[in-house]
Structure formats: structure tokens, C-alpha cells
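> This structure is in C-alpha cells; I'll ask about it shortly.
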Amino acid sequence: MSYSDVINEIIESFQNLDLEGFTKHFHSEFSWIQKDGSVLVGDLETFRTMIGELWATNPMLKSECSDCVEIGNLVSHSEIFTGYEDGHTEKWMWVYEFEGNLIRYMYGYQPTND
């Protein structure tokens with residue numbers, strides 16, 4: 001399975017609200033790093049909790065994704081999230097850095113936010 005295939009599987013699991021499928025490709029020492037270099041989430045369990053709460057609060061949340069671009073152990077794509085309870089939309093750019101077959105770092109950037 002290529003790294004892009006892993007990201008596509010993660011996207012599909014997110015769409016299906018499948019927390020186990022969504023997080024099974026993440027390293028146990030996973031970190032989500034923001035564009036300023038600060039760590040938003042520093043471990044997998046916190047990330048799992050965060051995603052579960054996001055889905056519970058926004059049950060209609062959906063995303064549209066771009067194709068993945070894979071270079072070495074890095075994969076990028078963009079997403080547009082709709083279905084938030086307050087009606088807002090979020091646009092994100094992601095870069096995933098793999099360690100072995102697992103995502104070790106996820107870099108997230110919001111180019112715009114409606």
C-alpha cells in the first residue's frame with residue numbers, strides 16, 4: 001500500500017465516522033503540528049478524543065478532498081469541511097510525514113477560513 005493509499009483510506013474512514021479505521025495508520029507518538037511550528041496535538045489518544053468529540057458535536061460533518069501528492073515519505077492534500085453545526089466551512093492543507101508505514105507527523109495549515 002502506498003502512502004497516498006493510506007491517506008485515501010484515512011479520508012474514507014473519516015467520511016464514514018470510523019474512528020478505528022481513521023486512526024489505525026497513525027504512529028503511537030503522533031503529533032499534529034501547526035504552521036507556526038507549535039504542537040496542537042502531541043499524542044494519538046488526545047487526537048482520537050478530539051476527532052470523536054468533533055464528530056459528536058458535528059454529526060453532519062463532511063469533507064471534499066484533493067488528490068494526494070506523494071514525495072518520498074511525505075504526502076499532501078487539501079480538504080474543505082462542511083456540515084459544522086454553526087454553518088461555517090473550513091479549508092485545510094495537510095502534509096503527512098511517515099515513519100515506516102505510520103503517520104508520525106501531520107502538518108496542518110488553513111489557507112482561508114469562511
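For the C-alpha cells, the naming scheme is as follows: chains receive sequential letters (A, B, ...) according to their order of presentation, residues are indexed from 1 within each chain, and ligands are indexed from 1 in presentation order.
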Can you tell me which residues surround Thr57 of chain A at a distance of at most 10 Å, considering only C-alpha atoms, apart from same-chain residues fewer than 6 positions away, and format the answer as a PyMOL selection string?

chain A and resi 51+84-85

> Keeping only C-alpha atoms, take the residues you just selected and write them out as a PDB file, in the first residue's frame.


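Final output, saved to result31.pdb:
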```pdb
ATOM      1  CA  ILE A  51     -11.872  13.561  16.490  1.00  0.00           C
ATOM      2  CA  TYR A  84     -20.477  22.191  11.045  1.00  0.00           C
ATOM      3  CA  GLU A  85     -23.418  22.842  13.358  1.00  0.00           C
TER       4      GLU A  85
END
```

> Residues near Leu17 of chain A, anyone? I mean within 10 Å using only C-alpha atoms, not counting same-chain ones fewer than 6 positions away, as number ranges by chain.

A: 11, 51-52, 55-56, 59, 61-62

> Considering only C-alpha atoms, return as a list in words whatever protein or nucleic-acid residues lie within 8 Å of Cys68 of chain A, sequence-local ones (same chain, fewer than 6 positions apart) excluded.

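My list of contacting residues is Ser4, Ile7, Asn8, Val75, Ser76 and His77 of chain A.
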
> Only C-alpha atoms, please: the residues just picked out, written as a short mmCIF file (atom, residue, chain, number, x, y, z; two decimals), in the first residue's frame.


```cif
data_model
loop_
_atom_site.label_atom_id
_atom_site.label_comp_id
_atom_site.auth_asym_id
_atom_site.auth_seq_id
_atom_site.Cartn_x
_atom_site.Cartn_y
_atom_site.Cartn_z
CA SER A 4 -1.20 8.01 -0.81
CA ILE A 7 -4.21 8.81 3.21
CA ASN A 8 -7.13 7.89 0.94
CA VAL A 75 2.05 13.14 1.30
CA SER A 76 -0.08 16.25 0.91
CA HIS A 77 -3.68 17.03 0.04
#
```

> DSSP says helix (DSSP H, G or I) for which residues of chain A? Put them as a PyMOL selection string?

chain A and resi 3-15+19-23+44-57

> As a count of residues only, please: every residue in segment 1-110 of chain A that a backbone DSSP assignment puts in strand (DSSP E or B).

46

> Between atom CA of Glu29 of chain A and atom CA of Glu45 of chain A, measure the distance and give it in Å to one decimal.

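We find that atom CA of Glu29 of chain A and atom CA of Glu45 of chain A lie 9.3 Å from each other.
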
> Which residues are close to Met50 of chain A, i.e. within 12 Å by only C-alpha atoms, leaving aside same-chain residues fewer than 4 positions away? Reply as a short mmCIF file (atom, residue, chain, number, x, y, z; two decimals) with C-alpha atoms, in the first residue's frame.


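Saved file selection-v9.cif follows:
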```
data_model
loop_
_atom_site.label_atom_id
_atom_site.label_comp_id
_atom_site.auth_asym_id
_atom_site.auth_seq_id
_atom_site.Cartn_x
_atom_site.Cartn_y
_atom_site.Cartn_z
CA LEU A 19 -12.53 6.17 14.41
CA THR A 23 -6.51 6.31 13.41
CA TRP A 32 -0.19 17.42 14.80
CA LEU A 40 -1.64 21.24 18.52
CA VAL A 41 -1.90 17.57 19.49
CA GLY A 42 1.05 15.66 20.92
CA ASP A 43 -0.22 12.09 21.19
CA LEU A 44 -2.54 9.64 19.47
CA GLU A 45 -5.06 9.25 22.33
CA THR A 46 -5.66 13.01 22.52
CA LEU A 54 -15.66 16.71 16.64
CA TRP A 55 -17.97 14.05 15.18
CA ALA A 56 -20.28 14.08 18.23
CA THR A 57 -20.63 17.87 18.03
#
```

> Quick one: residues within 9 Å of Ser2 of chain A, only C-alpha atoms counted, chain neighbours fewer than 3 positions away excluded, as an MDAnalysis selection string?

chainID A and resid 5:7 70 101

> Could you please take those selected residues and save N, CA and C atoms as an mmCIF file, in the first residue's frame?


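Written file, part.cif:
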```
data_model
loop_
_atom_site.group_PDB
_atom_site.id
_atom_site.type_symbol
_atom_site.label_atom_id
_atom_site.label_comp_id
_atom_site.auth_asym_id
_atom_site.auth_seq_id
_atom_site.Cartn_x
_atom_site.Cartn_y
_atom_site.Cartn_z
ATOM 1 N N ASP A 5 -2.254 5.808 -0.741
ATOM 2 C CA ASP A 5 -3.354 4.878 -0.470
ATOM 3 C C ASP A 5 -3.760 4.944 1.000
ATOM 4 N N VAL A 6 -2.774 5.060 1.892
ATOM 5 C CA VAL A 6 -3.058 5.178 3.321
ATOM 6 C C VAL A 6 -3.881 6.430 3.582
ATOM 7 N N ILE A 7 -3.474 7.558 2.998
ATOM 8 C CA ILE A 7 -4.215 8.809 3.207
ATOM 9 C C ILE A 7 -5.627 8.681 2.661
ATOM 10 N N GLU A 70 2.475 12.652 -3.440
ATOM 11 C CA GLU A 70 3.418 11.885 -2.631
ATOM 12 C C GLU A 70 4.839 12.148 -3.103
ATOM 13 N N ASN A 101 5.498 2.684 8.070
ATOM 14 C CA ASN A 101 4.186 2.695 7.414
ATOM 15 C C ASN A 101 3.145 3.495 8.175
#
```

> Between A:Tyr3, A:Phe47, A:Phe14, A:Phe81, single out the one closest to Tyr96 of chain A, counting only C-alpha atoms.

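Of the candidates, the smallest distance to Tyr96 of chain A is held by A:Tyr3.
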